[in-house]
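All remarks here apply to the structure that follows.
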Amino acid sequence: MANAATTIDPTESASLTIHKYEQPTTATGLPNDGRELDPSVLAGLTALPGVEFTAKQVPGIDLTTNAGWEAAADMTSAEAAAAVASVTGVSGTTAADGTLTFSGLPLGLYYVAETYVPMGVTAAAPFLVTLPLTDPVDNASWMYDVHVYPKNSTTHTDKTIQDEDAVAVGDDVLWQITSTIPVGGTDGFKMVDLLDARLTYKSVAVRIGATTLTEGTHYTVTTPDVGGRTQVSVQLTAAGLAIANDNLGQAIVFDLTTTVVGTGEIANEADIYNNQTDIDNEDPSDTTGGCEPGDEDCEPTDPPVTKFGELTISKVDATNSATLLAGAVFQVYTSESDALSGTNPVTINGVSSWTSGADGKVSISGLRYSNWENGAELPAADWQHYWLVETTAPAGYELLAAPVQFDVTSNDATVIDLTVENVEADAGFTLPLTGGSGIALLMIGGTALIVGAIMIGARNRRAAVTA
């Protein structure tokens, strides 16, 4: 509403309507003088619902006087922020069409800031606005209903995993978190990853576009314990923000390396805070990680998953499975050629051989799923098979003659069972033994034959003499 009077009516109240849109990739060239724009010129822009604004009147500014206008003109945003620090103000959230109206406001200078933005949205800078404004059409009246069109940049975060080189618990996996530098610039940028309890932090590297950043110079890393889990927080310093603001719209990549220390299906999600307002509103004690259930303003990507299982071997007699065999020693290999040559056995937390106990069982915990790699199901032709080799047989039994191939594929449980049978030594037969009864019988028979031959020879000689 414009009032035709050339002086401000102190009995009037004012309204401020905020129209919130995503920052377009190219400038619109539209006027921004307090008037409401025709919807047709806004076609193609994306409205942003769910953005919270707080408007606070700056104390001590009387716009019914020239001195008040001079004071408003001289005030900076930082000075206004300090002046309204103890002012309550009014707050509201943009609707589905991105609009929010504050009605019935007293005349004056207002400091307007975004106090909450949805995940993936960059907060716009706070701004100052006077209510009323001079009507820009005739410059001879006052406009008490003011419209503003602050723009916000939006970003999208992806997270992937690289675990093809990890075959067992104790190995490292790489989580890659990729976001973008807002096209409108940023005054703060932070990545927070609340690790699963089955992961431990090892290192993180950061790059923006083609520029590799240096820890301690361009970003800081903290790893506090939050609810028994490690929270990895990486925040750009002033030097890092300078590089970010020289690379608007470019990718920022966090390469986070962790060590797997437990079995199961391990999901991992990260949060990106791409402006200082989001960083200031972060809850450092949040033990859930990622978005809260039912939080419609939070739009995380699907968290990538790495999967590790457990193998339980039952060692039994080949002819009687109720006979459990202790003392069998096994090793695991990731290729048949290694299994046959006995090279490069799998090592899990420093252990590379496992022995069956009195119950005939041995558990090998922490092998990556055969059918899962880099966060996705593998086709059957690309499965990671494993081979079990018996290096020491139970007492009184034969070694396994060949490696036993197996797979870890369970999606319902982390334990799979494998029964390995051993035959008795010498396949259950009793072999001839030097000095045994068989040899003795042969020797006795031989001696009898020799004695008989001697006796027959003596008899023949006597007969010849008589003749």
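Each chain in the structure tokens gets a letter, A, B and so on, in the order shown; residues start at 1 in every chain, and ligands are counted from 1 in the order they appear.
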
Enumerate, as a PyMOL selection string, the complete set of residues in stretch 65-229 of chain A that a backbone-based DSSP assignment places in strand (DSSP E or B).
chain A and resi 90-93+99-105+108-116+121-122+127-131+133-134+142-143+145-148+151-154+158-162+168+172-180+190-194+199-208+211-212+215+219-222+225-226+229

Compile the contact shell of A:Pro136 as a VMD selection string: residues with an atom at most 10 Å away, counting only C-alpha atoms, same-chain residues fewer than 4 positions apart removed.
chain A and resid 33 to 35 140 to 143

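Remark: for A:Phe127, the closest of the candidate residues A:Gln162, A:Asn139, A:Ser353, A:Ser77 is A:Ser77 (distances computed over only C-alpha atoms).
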
Pick from A:Gly92, A:Gly108, A:Pro118, A:Pro304 nearest to A:Leu133, counting only C-alpha atoms:
A:Gly108

Nearest to A:Trp175 among A:Arg368, A:Lys190, A:Lys202, A:Arg229, with distances taken over only C-alpha atoms: which residue is it?
A:Lys202

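Nearest residue to A:Thr277 among A:Asp338, A:Asp407, A:Asp187, A:Asp97 is A:Asp187, counting only C-alpha atoms.
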
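Residues with any atom within 10 Å of A:Val84, counting only C-alpha atoms and excluding same-chain neighbours fewer than 5 positions away, are Ala55, Lys56, Gln57, Val58, Pro59, Glu79, Gly89, Tyr110 and Tyr111 of chain A.
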
Using only C-alpha atoms, the best pick from A:Thr217, A:Gly249, A:Thr392, A:Tyr201 as closest to A:Ser233 would be A:Tyr201

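With only C-alpha atoms as the atoms that count, the minimum distance from A:Thr334 to the choices A:Lys151, A:Lys315, A:His218, A:His385 is reached by A:His385.
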